[in-house]
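Beneath this line is the structure, given in structure tokens, with notes to follow.
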Number of protein chains: 2
Amino acid sequence: MKIGLDVLGGDYAPNSTILGAIEAQKVLKNDQRIVLIGNEEDSRKQIIEAGIDPSLFDYIHAPENISMHEHPTKAITQKPNSSVAKGFELLKNGEIDSFSSAGNTGAMLVGAMFSVKTIPGVLRPAIATNVPKLKNGYGILLDVGANADCKPEMLNQFAILGSLYSEHVYGVQKPKVGLLNIGEEEEKGNILTIATYPLLKSNPKINFIGNAEGRDLFTDQADVYVCDGYTGNVVLKLAESFYVVTLKKGFKDDFFDRFNYERYGGSPILGVNAPVIIGHGISTPEAIKNMLLLSKDMIESKFIDKIRSAFN
Amino acid sequence: MKIGLDVLGGDYAPNSTILGAIEAQKVLKNDQRIVLIGNEEDSRKQIIEAGIDPSLFDYIHAPENISMHEHPTKAITQKPNSSVAKGFELLKNGEIDSFSSAGNTGAMLVGAMFSVKTIPGVLRPAIATNVPKLKNGYGILLDVGANADCKPEMLNQFAILGSLYSEHVYGVQKPKVGLLNIGEEEEKGNILTIATYPLLKSNPKINFIGNAEGRDLFTDQADVYVCDGYTGNVVLKLAESFYVVTLKKGFKDDFFDRFNYERYGGSPILGVNAPVIIGHGISTPEAIKNMLLLSKDMIESKFIDKIRSAFN
């Protein structure tokens with residue numbers, strides 16, 4: 001198993017990425033190797049400086065970086081030696097089994113769709129994020145930004161993608177799917193959610209439990225919350241800001257701790273032909289470590305095959 | 001000045017409404033009278049039992065109630081003796097200067113539009129809510145549920161309505177308007193927000209500061225946040241649930257306290273020809289009191305005239 005990591009992605013790269021890779025490597029098995037994609041010489045040097053044997057890692061030299069503010073499509077096509085472009089080339093050629101980066105989200109999305117491509121039958125990939133449950137564990141919210149505008153059939157597919165992720169990567173049996181909406185009753189909502197409801201209700205591949213409101217997001221009502229990418233992104237960033245406030249105020253609590261992206265590492269792009277994970281721009285070594293371990297879980301669970309079967 | 005109150009609206013009515021009215025009356029001037037719309041005999045009895053002179057209030061007998069789950073349009077038309085229908089009849093006839101209720105939100109919205117009607121030039125009224133700022137005071141978020149689907153021109157009008165509310169009722173000079181969106185740049189967003197941005201940018205009646213993300217909602221970035229009613233409602237209920245969590249966890253803080261709807265009383269319907277306020281279903285006497293004082297502020301500020309002028 002080869003777990004690809006963009007060494008240059010993220011505000012604190014390459015320090016945070018190399019340190020995170022070192023920590024992840026300690027808990028991986030011998031045949032689970034991390035492939036460091038970035039400036040090879042710098043990477044080796046940093047690992048040696050940390051007192052670690054550099055032969056524990058694989059290296060791909062890709063010295064260029066795509067910054068946070070570059071235009072995704074332009075950057076991917078004009079910078080073939082960037083760590084992100086190189087990572088997707090390797091992923092496409094099967095030289096790595098997963099690719100993750102805390103860099104430019106748009107470039108990761110475009111890169112995934114241009115290289116490994118969308119799984120046949122999937123209309124549009126979606127970005128999923130974890131939402132902590134009050135009691136314990138996580139729910140899944142998608143889409144959180146890949147598709148600002150959605151059609152009902154897309155939300156119906158997100159429900160399948162999220163359910164498979166919840167089941168195979170998080171081990172939830174028959175994950176409950178809720179449609180993020182503004183009322184409990186079937187007829188409530190906007191044009192999109194009203195048209196989506198009957199699709200979800202009649203979808204035999206999911207366990208639909210009906211509408212979920214904003215206040216239900218952290219409850220056990222559902223395991224998978226489905227919405228358009230505009231709404232999901234607003235919700236995600238609002239929830240993050242709440243977590244930051246509780247941190248600043250010094251309120252420590254296990255529930256609030258589970259908002260911390262460091263604990264789960266990153267947000268997968270669901271619906272493409274390989275495990276691809278986007279990390280938070282401010283990823284710490286702990287976050288990078290968990291992003292790599294999540295990559296490993298996604299590879300091991302053969303999650304991509306499950307999606308292919310579902311959309312076959 | 002006559003401040004109308006639906007005595008029968010809300011989960012804890014009529015206890016909470018009468019007790020709230022008693023508290024509000026204590027701080028009102030002699031010529032600011034509360035009109036209690038509900039079962040007159042019951043209202044008088046309750047006030048006397050509380051040791052208060054019943055002649056301090058006006059009474060309108062309207063013994064029927066519209067419950068939370070009744071269909072708004074049907075209920076309003078089929079129950080002319082309901083407190084909500086009667087309240088809007090009085091408001092339409094100028095017998096009261098404002099009307100507020102912690103009852104059925106849909107019935108309040110339909111009642112307002114059927115009776116006092118939308119202000120000429122306003123496409124659709126919007127429901128505004130307070131969002132606490134981290135430092136102090138409140139921002140305004142609208143729409144939070146009157147219009148699940150919106151057109152760009154509606155959001156452009158919400159910006160004006162929210163600005164006038166922020167300025168004249170909350171005393172904010174040149175309130176800053178932010179478009180709730182999923183990126184800072186002008187070209188980011190969904191079809192609705194991308195089309196709305198240039199309208200806001202060229203609107204001389206507002207102080208537009210650009211896009212605001214979910215994480216900016218509690219900052220000083222803007223005083224008025226504009227979005228469609230589906231998104232606003234999801235955000236509102238999510239924020240409420242956060243507040244409830246902090247309460248349950250015992251985290252006391254002035255910022256979290258300001259999430260408490262009791263402190264500002266209710267959400268106004270902006271864009272109709274009279275001050276109309278919708279209270280939270282679980283309104284306590286404290287919430288009812290503040291809803292009545294907000295009603296008084298809305299009447300005193302001649303806020304409705306300001307809207308009429310703006311849309312003239």
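Ordering of the structure tokens sets the chain letters (A, B, ...); residue numbers start at 1 within each chain; ligands are numbered from 1 in the order shown.
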* To do: Please identify all polymer residues within 6 Å of segment 274-276 of chain A, counting only C-alpha atoms, omitting same-chain residues fewer than 2 positions from it, and present them as a VMD selection string.
  => chain A and resid 98 to 100 268 to 269 272
* To do: For chain A, list the residues within 6 Å of chain B, counting only C-alpha atoms, and write the list as a PyMOL selection string.
  => chain A and resi 148-149+190+214-215+234+237-238+241
Output chain B as an mmCIF file with C-alpha atoms, in the first residue's frame, after least-squares fitting it to chain A on all in-order C-alpha pairs.
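Everything below was put into out.cif:
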data_model
loop_
_atom_site.group_PDB
_atom_site.id
_atom_site.type_symbol
_atom_site.label_atom_id
_atom_site.label_comp_id
_atom_site.auth_asym_id
_atom_site.auth_seq_id
_atom_site.Cartn_x
_atom_site.Cartn_y
_atom_site.Cartn_z
ATOM 1 C CA MET B 1 -0.001 0.009 0.007
ATOM 2 C CA LYS B 2 1.326 3.417 -1.000
ATOM 3 C CA ILE B 3 -0.111 6.449 0.761
ATOM 4 C CA GLY B 4 0.638 9.647 -1.134
ATOM 5 C CA LEU B 5 1.156 12.934 0.710
ATOM 6 C CA ASP B 6 1.606 16.433 -0.686
ATOM 7 C CA VAL B 7 4.557 17.596 1.411
ATOM 8 C CA LEU B 8 4.183 21.203 0.227
ATOM 9 C CA GLY B 9 0.463 21.704 0.945
ATOM 10 C CA GLY B 10 -0.751 23.739 3.910
ATOM 11 C CA ASP B 11 0.162 26.891 5.787
ATOM 12 C CA TYR B 12 2.761 25.139 7.946
ATOM 13 C CA ALA B 13 4.237 22.894 5.250
ATOM 14 C CA PRO B 14 6.706 21.302 4.870
ATOM 15 C CA ASN B 15 7.370 21.210 8.624
ATOM 16 C CA SER B 16 3.903 20.053 9.610
ATOM 17 C CA THR B 17 3.617 17.569 6.747
ATOM 18 C CA ILE B 18 6.970 15.862 7.366
ATOM 19 C CA LEU B 19 6.433 15.716 11.126
ATOM 20 C CA GLY B 20 2.926 14.339 10.569
ATOM 21 C CA ALA B 21 4.242 11.723 8.155
ATOM 22 C CA ILE B 22 6.857 10.647 10.715
ATOM 23 C CA GLU B 23 4.163 10.168 13.356
ATOM 24 C CA ALA B 24 1.868 8.270 10.991
ATOM 25 C CA GLN B 25 4.692 5.997 9.847
ATOM 26 C CA LYS B 26 5.254 4.856 13.431
ATOM 27 C CA VAL B 27 1.807 3.255 13.545
ATOM 28 C CA LEU B 28 1.724 1.876 9.999
ATOM 29 C CA LYS B 29 2.679 -1.679 9.068
ATOM 30 C CA ASN B 30 5.801 -2.391 7.010
ATOM 31 C CA ASP B 31 3.895 -2.767 3.761
ATOM 32 C CA GLN B 32 2.036 0.513 4.281
ATOM 33 C CA ARG B 33 4.424 3.097 2.949
ATOM 34 C CA ILE B 34 4.048 6.852 2.849
ATOM 35 C CA VAL B 35 5.103 8.490 -0.410
ATOM 36 C CA LEU B 36 6.372 12.008 0.182
ATOM 37 C CA ILE B 37 5.675 14.226 -2.827
ATOM 38 C CA GLY B 38 7.584 17.495 -2.713
ATOM 39 C CA ASN B 39 11.194 18.633 -2.691
ATOM 40 C CA GLU B 40 12.980 15.301 -2.215
ATOM 41 C CA GLU B 41 16.240 16.684 -0.863
ATOM 42 C CA ASP B 42 14.476 18.920 1.639
ATOM 43 C CA SER B 43 12.223 16.069 2.772
ATOM 44 C CA ARG B 44 15.150 13.665 3.347
ATOM 45 C CA LYS B 45 17.076 16.344 5.193
ATOM 46 C CA GLN B 46 14.156 17.124 7.498
ATOM 47 C CA ILE B 47 13.591 13.456 8.289
ATOM 48 C CA ILE B 48 17.248 12.869 9.081
ATOM 49 C CA GLU B 49 17.268 15.976 11.269
ATOM 50 C CA ALA B 50 14.349 14.488 13.182
ATOM 51 C CA GLY B 51 16.511 11.429 13.871
ATOM 52 C CA ILE B 52 14.444 9.128 11.656
ATOM 53 C CA ASP B 53 15.697 6.645 9.051
ATOM 54 C CA PRO B 54 14.819 8.215 5.661
ATOM 55 C CA SER B 55 14.537 4.791 4.014
ATOM 56 C CA LEU B 56 11.242 4.291 5.839
ATOM 57 C CA PHE B 57 9.645 6.593 3.270
ATOM 58 C CA ASP B 58 9.329 6.798 -0.501
ATOM 59 C CA TYR B 59 10.064 10.076 -2.281
ATOM 60 C CA ILE B 60 8.856 11.750 -5.434
ATOM 61 C CA HIS B 61 10.570 14.948 -6.454
ATOM 62 C CA ALA B 62 8.013 17.683 -7.211
ATOM 63 C CA PRO B 63 9.510 20.958 -6.050
ATOM 64 C CA GLU B 64 6.803 23.385 -7.206
ATOM 65 C CA ASN B 65 3.955 24.437 -4.978
ATOM 66 C CA ILE B 66 0.411 25.554 -5.811
ATOM 67 C CA SER B 67 -0.428 28.322 -3.375
ATOM 68 C CA MET B 68 -3.802 28.788 -1.679
ATOM 69 C CA HIS B 69 -4.833 31.643 -3.936
ATOM 70 C CA GLU B 70 -3.898 30.267 -7.340
ATOM 71 C CA HIS B 71 -6.621 29.466 -9.841
ATOM 72 C CA PRO B 72 -7.122 25.680 -9.534
ATOM 73 C CA THR B 73 -7.464 24.683 -13.201
ATOM 74 C CA LYS B 74 -4.714 26.983 -14.407
ATOM 75 C CA ALA B 75 -2.325 25.914 -11.657
ATOM 76 C CA ILE B 76 -2.859 22.184 -12.235
ATOM 77 C CA THR B 77 -2.269 22.441 -15.984
ATOM 78 C CA GLN B 78 0.540 25.005 -15.913
ATOM 79 C CA LYS B 79 2.539 23.437 -13.077
ATOM 80 C CA PRO B 80 3.137 19.782 -13.950
ATOM 81 C CA ASN B 81 6.009 19.700 -11.467
ATOM 82 C CA SER B 82 3.866 20.881 -8.599
ATOM 83 C CA SER B 83 3.340 18.421 -5.772
ATOM 84 C CA VAL B 84 -0.418 18.378 -6.399
ATOM 85 C CA ALA B 85 -0.159 17.763 -10.165
ATOM 86 C CA LYS B 86 2.507 15.092 -9.592
ATOM 87 C CA GLY B 87 0.464 13.451 -6.874
ATOM 88 C CA PHE B 88 -2.527 13.045 -9.154
ATOM 89 C CA GLU B 89 -0.303 11.738 -11.972
ATOM 90 C CA LEU B 90 0.993 9.031 -9.611
ATOM 91 C CA LEU B 91 -2.535 8.284 -8.412
ATOM 92 C CA LYS B 92 -3.820 7.972 -11.970
ATOM 93 C CA ASN B 93 -0.980 5.584 -12.845
ATOM 94 C CA GLY B 94 -1.574 3.433 -9.798
ATOM 95 C CA GLU B 95 1.809 4.297 -8.324
ATOM 96 C CA ILE B 96 0.108 5.477 -5.157
ATOM 97 C CA ASP B 97 -3.182 4.197 -3.716
ATOM 98 C CA SER B 98 -4.388 7.459 -2.193
ATOM 99 C CA PHE B 99 -3.459 11.108 -2.292
ATOM 100 C CA SER B 100 -3.941 13.759 0.353
ATOM 101 C CA SER B 101 -3.018 17.400 0.705
ATOM 102 C CA ALA B 102 -3.638 20.330 3.033
ATOM 103 C CA GLY B 103 -3.116 22.690 0.098
ATOM 104 C CA ASN B 104 -5.387 24.428 -2.397
ATOM 105 C CA THR B 105 -8.846 22.788 -2.115
ATOM 106 C CA GLY B 106 -9.911 23.782 -5.610
ATOM 107 C CA ALA B 107 -6.723 22.340 -7.125
ATOM 108 C CA MET B 108 -7.336 19.070 -5.264
ATOM 109 C CA LEU B 109 -10.892 18.897 -6.590
ATOM 110 C CA VAL B 110 -9.936 19.771 -10.167
ATOM 111 C CA GLY B 111 -6.890 17.487 -10.014
ATOM 112 C CA ALA B 112 -8.992 14.546 -8.845
ATOM 113 C CA MET B 113 -11.610 15.050 -11.542
ATOM 114 C CA PHE B 114 -9.023 15.532 -14.312
ATOM 115 C CA SER B 115 -6.802 12.609 -13.340
ATOM 116 C CA VAL B 116 -8.518 9.648 -11.659
ATOM 117 C CA LYS B 117 -11.877 11.021 -12.784
ATOM 118 C CA THR B 118 -15.382 10.683 -11.484
ATOM 119 C CA ILE B 119 -16.693 7.152 -10.948
ATOM 120 C CA PRO B 120 -19.017 6.174 -13.852
ATOM 121 C CA GLY B 121 -22.608 6.878 -12.862
ATOM 122 C CA VAL B 122 -21.698 9.558 -10.334
ATOM 123 C CA LEU B 123 -22.961 12.948 -11.530
ATOM 124 C CA ARG B 124 -20.639 15.028 -9.390
ATOM 125 C CA PRO B 125 -18.186 14.208 -6.595
ATOM 126 C CA ALA B 126 -18.863 15.778 -3.212
ATOM 127 C CA ILE B 127 -16.667 16.840 -0.310
ATOM 128 C CA ALA B 128 -17.701 15.267 2.977
ATOM 129 C CA THR B 129 -16.824 16.455 6.432
ATOM 130 C CA ASN B 130 -17.216 15.035 9.912
ATOM 131 C CA VAL B 131 -19.744 16.562 12.282
ATOM 132 C CA PRO B 132 -19.327 15.559 15.922
ATOM 133 C CA LYS B 133 -22.262 13.969 17.666
ATOM 134 C CA LEU B 134 -23.125 15.167 21.141
ATOM 135 C CA LYS B 135 -23.055 11.648 22.580
ATOM 136 C CA ASN B 136 -20.002 10.333 20.795
ATOM 137 C CA GLY B 137 -18.539 9.685 17.390
ATOM 138 C CA TYR B 138 -19.195 11.514 14.169
ATOM 139 C CA GLY B 139 -21.868 12.121 11.615
ATOM 140 C CA ILE B 140 -21.065 12.980 7.988
ATOM 141 C CA LEU B 141 -22.149 16.166 6.229
ATOM 142 C CA LEU B 142 -21.970 16.524 2.454
ATOM 143 C CA ASP B 143 -21.574 18.385 0.181
ATOM 144 C CA VAL B 144 -19.511 21.084 1.922
ATOM 145 C CA GLY B 145 -18.293 22.995 -1.095
ATOM 146 C CA ALA B 146 -17.606 21.018 -4.269
ATOM 147 C CA ASN B 147 -20.981 21.951 -5.786
ATOM 148 C CA ALA B 148 -22.417 25.340 -4.890
ATOM 149 C CA ASP B 149 -25.551 24.564 -6.892
ATOM 150 C CA CYS B 150 -27.112 21.129 -6.863
ATOM 151 C CA LYS B 151 -29.909 19.244 -8.544
ATOM 152 C CA PRO B 152 -32.124 16.790 -6.627
ATOM 153 C CA GLU B 153 -30.488 13.775 -8.256
ATOM 154 C CA MET B 154 -27.087 14.987 -7.057
ATOM 155 C CA LEU B 155 -28.268 15.149 -3.448
ATOM 156 C CA ASN B 156 -29.743 11.674 -3.902
ATOM 157 C CA GLN B 157 -26.302 10.450 -4.959
ATOM 158 C CA PHE B 158 -24.574 12.288 -2.125
ATOM 159 C CA ALA B 159 -26.812 10.270 0.198
ATOM 160 C CA ILE B 160 -25.400 7.045 -1.255
ATOM 161 C CA LEU B 161 -21.803 8.291 -1.192
ATOM 162 C CA GLY B 162 -22.125 9.478 2.392
ATOM 163 C CA SER B 163 -23.807 6.253 3.494
ATOM 164 C CA LEU B 164 -21.036 4.113 2.020
ATOM 165 C CA TYR B 165 -18.407 6.303 3.656
ATOM 166 C CA SER B 166 -20.165 6.148 7.010
ATOM 167 C CA GLU B 167 -20.583 2.372 6.758
ATOM 168 C CA HIS B 168 -17.239 1.274 5.367
ATOM 169 C CA VAL B 169 -14.848 3.842 6.803
ATOM 170 C CA TYR B 170 -16.590 4.626 10.092
ATOM 171 C CA GLY B 171 -18.234 1.244 10.625
ATOM 172 C CA VAL B 172 -21.790 2.534 11.064
ATOM 173 C CA GLN B 173 -24.370 -0.140 10.286
ATOM 174 C CA LYS B 174 -27.241 1.037 8.054
ATOM 175 C CA PRO B 175 -26.327 4.690 8.436
ATOM 176 C CA LYS B 176 -29.352 6.941 8.821
ATOM 177 C CA VAL B 177 -29.620 9.643 6.158
ATOM 178 C CA GLY B 178 -31.215 13.016 6.906
ATOM 179 C CA LEU B 179 -32.012 15.754 4.394
ATOM 180 C CA LEU B 180 -30.883 19.102 5.812
ATOM 181 C CA ASN B 181 -34.042 21.145 5.673
ATOM 182 C CA ILE B 182 -36.188 23.809 7.326
ATOM 183 C CA GLY B 183 -39.039 21.757 8.711
ATOM 184 C CA GLU B 184 -39.813 18.207 9.701
ATOM 185 C CA GLU B 185 -42.648 17.604 7.270
ATOM 186 C CA GLU B 186 -42.129 16.186 3.771
ATOM 187 C CA GLU B 187 -43.644 19.220 2.063
ATOM 188 C CA LYS B 188 -41.361 21.731 3.807
ATOM 189 C CA GLY B 189 -38.249 23.186 2.237
ATOM 190 C CA ASN B 190 -36.981 25.033 -0.800
ATOM 191 C CA ILE B 191 -37.427 23.907 -4.405
ATOM 192 C CA LEU B 192 -34.312 21.714 -4.176
ATOM 193 C CA THR B 193 -35.124 19.913 -0.932
ATOM 194 C CA ILE B 194 -38.816 19.457 -1.758
ATOM 195 C CA ALA B 195 -37.822 17.791 -5.035
ATOM 196 C CA THR B 196 -35.089 15.749 -3.326
ATOM 197 C CA TYR B 197 -37.260 14.286 -0.566
ATOM 198 C CA PRO B 198 -39.198 11.765 -2.749
ATOM 199 C CA LEU B 199 -35.965 10.623 -4.413
ATOM 200 C CA LEU B 200 -34.389 9.871 -1.039
ATOM 201 C CA LYS B 201 -37.591 8.262 0.208
ATOM 202 C CA SER B 202 -37.677 5.820 -2.689
ATOM 203 C CA ASN B 203 -33.932 5.138 -2.825
ATOM 204 C CA PRO B 204 -33.407 1.477 -1.807
ATOM 205 C CA LYS B 205 -29.657 2.004 -1.305
ATOM 206 C CA ILE B 206 -30.026 4.270 1.710
ATOM 207 C CA ASN B 207 -31.745 4.357 5.091
ATOM 208 C CA PHE B 208 -33.599 7.664 4.788
ATOM 209 C CA ILE B 209 -35.097 9.049 7.996
ATOM 210 C CA GLY B 210 -36.586 12.271 6.609
ATOM 211 C CA ASN B 211 -35.748 15.914 7.076
ATOM 212 C CA ALA B 212 -33.222 17.107 9.616
ATOM 213 C CA GLU B 213 -33.070 20.728 10.771
ATOM 214 C CA GLY B 214 -30.062 22.835 11.669
ATOM 215 C CA ARG B 215 -30.612 21.994 15.318
ATOM 216 C CA ASP B 216 -30.418 18.241 14.621
ATOM 217 C CA LEU B 217 -26.943 18.255 13.121
ATOM 218 C CA PHE B 218 -25.145 17.214 16.300
ATOM 219 C CA THR B 219 -27.745 14.754 17.511
ATOM 220 C CA ASP B 220 -28.160 11.046 16.805
ATOM 221 C CA GLN B 221 -31.016 11.766 14.425
ATOM 222 C CA ALA B 222 -28.917 10.894 11.383
ATOM 223 C CA ASP B 223 -25.440 9.609 10.515
ATOM 224 C CA VAL B 224 -25.321 11.283 7.121
ATOM 225 C CA TYR B 225 -26.653 14.800 6.461
ATOM 226 C CA VAL B 226 -27.182 15.757 2.840
ATOM 227 C CA CYS B 227 -27.312 19.295 1.437
ATOM 228 C CA ASP B 228 -26.047 21.439 -1.412
ATOM 229 C CA GLY B 229 -22.423 22.602 -1.261
ATOM 230 C CA TYR B 230 -23.269 26.245 -0.571
ATOM 231 C CA THR B 231 -25.313 25.405 2.522
ATOM 232 C CA GLY B 232 -22.850 22.757 3.664
ATOM 233 C CA ASN B 233 -19.946 25.148 3.401
ATOM 234 C CA VAL B 234 -21.736 27.880 5.362
ATOM 235 C CA VAL B 235 -22.655 25.309 8.042
ATOM 236 C CA LEU B 236 -19.114 23.895 8.171
ATOM 237 C CA LYS B 237 -17.486 27.288 8.598
ATOM 238 C CA LEU B 238 -20.060 28.394 11.141
ATOM 239 C CA ALA B 239 -19.486 25.240 13.190
ATOM 240 C CA GLU B 240 -15.728 25.745 13.001
ATOM 241 C CA SER B 241 -16.087 29.295 14.249
ATOM 242 C CA PHE B 242 -18.100 28.060 17.219
ATOM 243 C CA TYR B 243 -15.367 25.623 18.052
ATOM 244 C CA VAL B 244 -12.781 28.394 17.857
ATOM 245 C CA VAL B 245 -14.883 30.497 20.239
ATOM 246 C CA THR B 246 -15.106 27.699 22.806
ATOM 247 C CA LEU B 247 -11.327 27.278 22.553
ATOM 248 C CA LYS B 248 -10.720 30.993 23.054
ATOM 249 C CA LYS B 249 -13.089 31.054 26.007
ATOM 250 C CA GLY B 250 -11.250 28.096 27.507
ATOM 251 C CA PHE B 251 -14.280 25.776 27.461
ATOM 252 C CA LYS B 252 -12.864 22.266 27.317
ATOM 253 C CA ASP B 253 -15.206 19.411 26.554
ATOM 254 C CA ASP B 254 -15.071 16.150 24.639
ATOM 255 C CA PHE B 255 -17.883 17.217 22.317
ATOM 256 C CA PHE B 256 -16.176 20.486 21.383
ATOM 257 C CA ASP B 257 -12.857 18.645 21.049
ATOM 258 C CA ARG B 258 -14.383 16.493 18.350
ATOM 259 C CA PHE B 259 -14.902 19.605 16.213
ATOM 260 C CA ASN B 260 -11.143 19.720 15.981
ATOM 261 C CA TYR B 261 -10.258 18.709 12.417
ATOM 262 C CA GLU B 262 -6.903 17.499 13.761
ATOM 263 C CA ARG B 263 -8.652 14.470 15.197
ATOM 264 C CA TYR B 264 -9.925 13.134 11.877
ATOM 265 C CA GLY B 265 -7.410 14.750 9.569
ATOM 266 C CA GLY B 266 -9.356 15.855 6.551
ATOM 267 C CA SER B 267 -12.331 15.798 4.226
ATOM 268 C CA PRO B 268 -12.534 13.149 1.510
ATOM 269 C CA ILE B 269 -13.679 13.836 -2.028
ATOM 270 C CA LEU B 270 -16.316 11.155 -2.514
ATOM 271 C CA GLY B 271 -17.182 9.878 -5.973
ATOM 272 C CA VAL B 272 -13.777 9.850 -7.652
ATOM 273 C CA ASN B 273 -11.843 6.719 -8.615
ATOM 274 C CA ALA B 274 -9.370 6.792 -5.717
ATOM 275 C CA PRO B 275 -9.187 7.942 -2.111
ATOM 276 C CA VAL B 276 -8.460 11.665 -2.145
ATOM 277 C CA ILE B 277 -8.440 13.724 1.037
ATOM 278 C CA ILE B 278 -8.287 17.473 1.498
ATOM 279 C CA GLY B 279 -6.754 18.694 4.732
ATOM 280 C CA HIS B 280 -7.383 21.975 6.504
ATOM 281 C CA GLY B 281 -5.053 24.782 5.404
ATOM 282 C CA ILE B 282 -3.815 25.200 8.959
ATOM 283 C CA SER B 283 -3.070 21.475 9.392
ATOM 284 C CA THR B 284 -0.746 20.605 12.237
ATOM 285 C CA PRO B 285 1.433 17.462 12.323
ATOM 286 C CA GLU B 286 -1.350 15.760 14.306
ATOM 287 C CA ALA B 287 -3.862 16.586 11.552
ATOM 288 C CA ILE B 288 -1.489 15.353 8.832
ATOM 289 C CA LYS B 289 -0.918 12.139 10.757
ATOM 290 C CA ASN B 290 -4.644 11.490 11.012
ATOM 291 C CA MET B 291 -5.221 12.420 7.379
ATOM 292 C CA LEU B 292 -2.684 9.726 6.420
ATOM 293 C CA LEU B 293 -4.322 7.173 8.723
ATOM 294 C CA LEU B 294 -7.725 8.051 7.244
ATOM 295 C CA SER B 295 -6.181 7.485 3.803
ATOM 296 C CA LYS B 296 -5.017 4.061 4.946
ATOM 297 C CA ASP B 297 -8.522 3.249 6.252
ATOM 298 C CA MET B 298 -10.068 4.312 2.970
ATOM 299 C CA ILE B 299 -7.668 2.078 1.012
ATOM 300 C CA GLU B 300 -8.063 -0.895 3.352
ATOM 301 C CA SER B 301 -11.852 -0.734 3.386
ATOM 302 C CA LYS B 302 -11.909 -0.966 -0.423
ATOM 303 C CA PHE B 303 -14.335 1.904 -0.152
ATOM 304 C CA ILE B 304 -13.874 2.934 -3.796
ATOM 305 C CA ASP B 305 -14.952 -0.527 -4.963
ATOM 306 C CA LYS B 306 -18.108 -0.232 -2.868
ATOM 307 C CA ILE B 307 -18.960 3.045 -4.593
ATOM 308 C CA ARG B 308 -18.254 1.570 -8.011
ATOM 309 C CA SER B 309 -20.594 -1.330 -7.252
ATOM 310 C CA ALA B 310 -23.321 0.977 -5.969
ATOM 311 C CA PHE B 311 -23.244 3.079 -9.123
ATOM 312 C CA ASN B 312 -22.718 0.209 -11.531
#
* Can you list, as a ChimeraX atom specification, all residues belonging to segment 46-272 of chain B that DSSP tags as alpha helix (DSSP H)? => /B:46-49,72-78,83-92,105-114,152-168,191-201,229-248,254-257
* Please, which residues of segment 86-273 of chain B, numbered as in this document, come out strand (DSSP E or B) from DSSP, as a PyMOL selection string? -> chain B and resi 98-101+118+126-132+138-142+176-180+207-212+224-226+266-270+272
